[in-house]
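J.: Structure incoming, see below.
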Amino acid sequence: MQEVDQLLLSNRAWAAEMLAENPEFFNRNINWQRPVFLWIGCSDSRVAPDQMTQAVPGGLFVHRNIANLVYPDDRNLMAVLHYAINVLEVQNVVICGHYGCGGIQAALDGAPDGPIAHWLEHARQVLTDHRGEIEALPEGEARVNRLVEINVRDQLLHLARTGPVQDAFAAGKPLQLHGWVYDLRDGHIKPLMRIDRDTILTEVPKPERVLV
């Protein structure tokens with residue numbers, strides 16, 4: 001129970017610190033949220049989008065899953081996407097992967113049977129679609145990190161073809177989709193690509209290798 005107690009104590013210390021800096025810190029978020037971004041990222045515990053972007057509470061609407069995958073039949077993600085675009089009216093949706101991703105590593109190695117294997121089908125499809133490029137690289141980090149980059153690109157294309165995004169594009173909304181990768185080694189976010197309503201999806205190239 002020591003870890004649980006410490007977590008609760010840390011929460012109270014944080015709340016007290018926020019109130020000391022700004023007595024209205026919590027009051028301003030009670031009635032409504034107005035985020036600028038929807039962030040779709042990996043569940044990895046080392047990747048904390050609020051912390052690494054210094055976003056204030058209410059600044060990011062966040063959805064996370066293993067390997068930051070976009071399944072059009074994922075009701076959870078589709079509900080988040082619909083709400084973010086149509087109710088919160090966010091104008092930027094980010095898919096952010098990260099180097100050294102365990103989910104992508106599992107897709108390369110062959111995930112064990114069970115829910116994780118089923119979940120990673122999209123990531124394995126990315127590997128299948130780009131196997132020639134990936135297997136031309138040295139085994140280990142180089143393959144994992146290049147697949148991380150290509151996976152962001154392919155998931156961004158899945159995202160661009162979803163109903164909420166296509167409806168927003170058709171309505172002329174100023175919606176932009178961003179593909180980023182977070183580097184655990186230096187804490188930097190590295191932009192890979194961007195899609196908007198004028199982008200021809202069938203002509204979107206693979207991103208240049210960022211981590212060489």
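We label chains A, B, ... in the order they appear in the structure tokens, count residues from 1 in each chain, and number ligands from 1 in the order shown.
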At a cut-off of 9 Å, using only C-alpha atoms, what residues contact His158 in chain A? Leave out same-chain residues fewer than 5 positions from it and give the result as a list in words.

T.: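 Those residues are Leu69, Val70, Tyr71, Pro72 and Arg153 of chain A.
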
J.: Mind writing the picked residues with N, CA and C atoms as a compact mmCIF listing (two decimals), in the first residue's frame?

T.:
```txt
# COMPACT_ATOMS: atom_id res chain seq x y z
N LEU A 69 -2.85 3.01 -32.20
CA LEU A 69 -3.49 2.46 -33.40
C LEU A 69 -4.87 3.07 -33.60
N VAL A 70 -5.28 3.15 -34.87
CA VAL A 70 -6.59 3.68 -35.23
C VAL A 70 -7.38 2.58 -35.92
N TYR A 71 -8.37 2.05 -35.21
CA TYR A 71 -9.31 1.08 -35.78
C TYR A 71 -10.64 1.79 -36.01
N PRO A 72 -11.15 1.83 -37.24
CA PRO A 72 -12.44 2.48 -37.48
C PRO A 72 -13.60 1.85 -36.73
N ARG A 153 2.50 7.19 -39.78
CA ARG A 153 1.99 7.59 -41.10
C ARG A 153 0.74 6.79 -41.47
```

J.: Quick check for you: according to DSSP on this backbone, which residues of range 118-193 of chain A are classed as helix (DSSP H, G or I)? Reply as number ranges by chain.

T.: A: 118-119, 121-129, 131-135, 141-160, 163-170

J.: Enumerate, as JSON, numbers by chain, the complete set of residues in range 38-143 of chain A that a backbone-based DSSP assignment places in strand (DSSP E or B).

T.: {"A": [38, 39, 40, 41, 42, 60, 61, 62, 63, 64, 65, 92, 93, 94, 95, 96, 97, 98]}

J.: Okay, now the selection with N, CA, C and O atoms, as a PDB file, in the first residue's frame?

T.:
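Okay, out01.pdb is ready:
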```pdb
ATOM      1  N   LEU A  38      -6.729  17.214 -29.935  1.00  0.00           N
ATOM      2  CA  LEU A  38      -6.997  15.828 -29.565  1.00  0.00           C
ATOM      3  C   LEU A  38      -5.691  15.076 -29.774  1.00  0.00           C
ATOM      4  O   LEU A  38      -5.105  15.111 -30.867  1.00  0.00           O
ATOM      5  N   TRP A  39      -5.232  14.436 -28.724  1.00  0.00           N
ATOM      6  CA  TRP A  39      -3.961  13.700 -28.743  1.00  0.00           C
ATOM      7  C   TRP A  39      -4.267  12.211 -28.716  1.00  0.00           C
ATOM      8  O   TRP A  39      -4.895  11.716 -27.780  1.00  0.00           O
ATOM      9  N   ILE A  40      -3.840  11.501 -29.750  1.00  0.00           N
ATOM     10  CA  ILE A  40      -3.967  10.043 -29.802  1.00  0.00           C
ATOM     11  C   ILE A  40      -2.560   9.481 -29.672  1.00  0.00           C
ATOM     12  O   ILE A  40      -1.724   9.640 -30.568  1.00  0.00           O
ATOM     13  N   GLY A  41      -2.284   8.865 -28.532  1.00  0.00           N
ATOM     14  CA  GLY A  41      -0.929   8.411 -28.267  1.00  0.00           C
ATOM     15  C   GLY A  41      -0.890   7.010 -27.702  1.00  0.00           C
ATOM     16  O   GLY A  41      -1.913   6.339 -27.570  1.00  0.00           O
ATOM     17  N   CYS A  42       0.309   6.578 -27.374  1.00  0.00           N
ATOM     18  CA  CYS A  42       0.526   5.238 -26.840  1.00  0.00           C
ATOM     19  C   CYS A  42       0.280   5.221 -25.334  1.00  0.00           C
ATOM     20  O   CYS A  42       0.485   6.217 -24.640  1.00  0.00           O
ATOM     21  N   LEU A  60      -5.481  19.635 -23.591  1.00  0.00           N
ATOM     22  CA  LEU A  60      -5.404  18.445 -24.430  1.00  0.00           C
ATOM     23  C   LEU A  60      -6.575  17.525 -24.121  1.00  0.00           C
ATOM     24  O   LEU A  60      -6.874  17.252 -22.963  1.00  0.00           O
ATOM     25  N   PHE A  61      -7.228  17.045 -25.156  1.00  0.00           N
ATOM     26  CA  PHE A  61      -8.208  15.964 -25.037  1.00  0.00           C
ATOM     27  C   PHE A  61      -7.456  14.710 -25.459  1.00  0.00           C
ATOM     28  O   PHE A  61      -6.914  14.649 -26.561  1.00  0.00           O
ATOM     29  N   VAL A  62      -7.365  13.703 -24.592  1.00  0.00           N
ATOM     30  CA  VAL A  62      -6.392  12.630 -24.786  1.00  0.00           C
ATOM     31  C   VAL A  62      -7.063  11.271 -24.915  1.00  0.00           C
ATOM     32  O   VAL A  62      -7.965  10.926 -24.146  1.00  0.00           O
ATOM     33  N   HIS A  63      -6.591  10.512 -25.906  1.00  0.00           N
ATOM     34  CA  HIS A  63      -6.960   9.099 -26.052  1.00  0.00           C
ATOM     35  C   HIS A  63      -5.666   8.321 -26.222  1.00  0.00           C
ATOM     36  O   HIS A  63      -4.808   8.697 -27.027  1.00  0.00           O
ATOM     37  N   ARG A  64      -5.522   7.226 -25.475  1.00  0.00           N
ATOM     38  CA  ARG A  64      -4.287   6.449 -25.552  1.00  0.00           C
ATOM     39  C   ARG A  64      -4.599   4.970 -25.693  1.00  0.00           C
ATOM     40  O   ARG A  64      -5.559   4.466 -25.107  1.00  0.00           O
ATOM     41  N   ASN A  65      -3.790   4.286 -26.485  1.00  0.00           N
ATOM     42  CA  ASN A  65      -3.876   2.828 -26.583  1.00  0.00           C
ATOM     43  C   ASN A  65      -2.503   2.287 -26.962  1.00  0.00           C
ATOM     44  O   ASN A  65      -1.611   3.046 -27.350  1.00  0.00           O
ATOM     45  N   ASN A  92      -7.035  20.519 -34.289  1.00  0.00           N
ATOM     46  CA  ASN A  92      -5.811  19.744 -34.494  1.00  0.00           C
ATOM     47  C   ASN A  92      -5.942  18.385 -33.821  1.00  0.00           C
ATOM     48  O   ASN A  92      -6.281  18.307 -32.636  1.00  0.00           O
ATOM     49  N   VAL A  93      -5.685  17.334 -34.597  1.00  0.00           N
ATOM     50  CA  VAL A  93      -5.646  15.981 -34.046  1.00  0.00           C
ATOM     51  C   VAL A  93      -4.243  15.440 -34.277  1.00  0.00           C
ATOM     52  O   VAL A  93      -3.736  15.457 -35.406  1.00  0.00           O
ATOM     53  N   VAL A  94      -3.629  14.977 -33.209  1.00  0.00           N
ATOM     54  CA  VAL A  94      -2.255  14.467 -33.261  1.00  0.00           C
ATOM     55  C   VAL A  94      -2.262  12.967 -33.035  1.00  0.00           C
ATOM     56  O   VAL A  94      -2.926  12.469 -32.118  1.00  0.00           O
ATOM     57  N   ILE A  95      -1.541  12.248 -33.875  1.00  0.00           N
ATOM     58  CA  ILE A  95      -1.148  10.878 -33.542  1.00  0.00           C
ATOM     59  C   ILE A  95       0.334  10.930 -33.216  1.00  0.00           C
ATOM     60  O   ILE A  95       1.149  11.338 -34.061  1.00  0.00           O
ATOM     61  N   CYS A  96       0.680  10.552 -32.005  1.00  0.00           N
ATOM     62  CA  CYS A  96       2.075  10.617 -31.564  1.00  0.00           C
ATOM     63  C   CYS A  96       2.554   9.228 -31.151  1.00  0.00           C
ATOM     64  O   CYS A  96       2.075   8.656 -30.169  1.00  0.00           O
ATOM     65  N   GLY A  97       3.472   8.689 -31.921  1.00  0.00           N
ATOM     66  CA  GLY A  97       4.142   7.458 -31.522  1.00  0.00           C
ATOM     67  C   GLY A  97       5.389   7.782 -30.722  1.00  0.00           C
ATOM     68  O   GLY A  97       5.673   8.946 -30.431  1.00  0.00           O
ATOM     69  N   HIS A  98       6.138   6.774 -30.372  1.00  0.00           N
ATOM     70  CA  HIS A  98       7.404   7.032 -29.657  1.00  0.00           C
ATOM     71  C   HIS A  98       8.403   5.939 -29.982  1.00  0.00           C
ATOM     72  O   HIS A  98       8.044   4.774 -30.173  1.00  0.00           O
TER      73      HIS A  98
END
```

J.: Would you work out the distance separating CA of Gln125 in chain A from CA of Gly187 in chain A, expressed in Å to one decimal?

T.: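 Distance reported for this atom pair: 28.5 Å.
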
J.: Using only C-alpha atoms, can you tell me which of A:Ala16, A:Leu184, A:Ile134, A:Leu147 comes closest to Met52 in chain A?

T.: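 So, comparing all the options, the nearest one is A:Leu184.
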
J.: Write out as a tab-separated table a residue-level contact list of range 148-175 of chain A versus range 193-201 of chain A with cut-off 8 Å: for each qualifying residue the closest pair of atoms and the distance in Å to one decimal, counting only C-alpha atoms, rows sorted by chain and residue number upward.

T.:
```
residue	atom	partner	partner_atom	distance
A:Arg153	CA	A:Met193	CA	7.5
A:Leu157	CA	A:Leu201	CA	6.9
A:Ala160	CA	A:Ile195	CA	7.6
A:Phe169	CA	A:Arg197	CA	5.0
A:Ala170	CA	A:Arg197	CA	7.7
A:Gly172	CA	A:Arg197	CA	7.6
A:Pro174	CA	A:Asp196	CA	7.9
A:Leu175	CA	A:Asp196	CA	6.3
```

J.: Just the residues within 10 Å of Leu81 in chain A, please, counting only C-alpha atoms, with nothing from its chain fewer than 2 positions along; format it as a list in words.

T.: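 Neighbouring residues, sequence-local ones excluded: Leu38, Trp39, Ile40, Phe61, Val62, His63, Arg75, Asn76, Leu77, Met78, Ala79, Tyr83, Ala84, Ile85, Asn86, Val87, Leu88, Val90, Val93, Leu159, Thr162, Gly163, Pro164 and Val165 of chain A.
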
J.: Identify, on the basis of only C-alpha atoms, every residue whose closest approach to Phe25 in chain A does not exceed 10 Å; exclude the query and any residue fewer than 6 positions from it along the same chain; express the result as a ChimeraX atom specification.

T.: /A:15,18-19,56-57
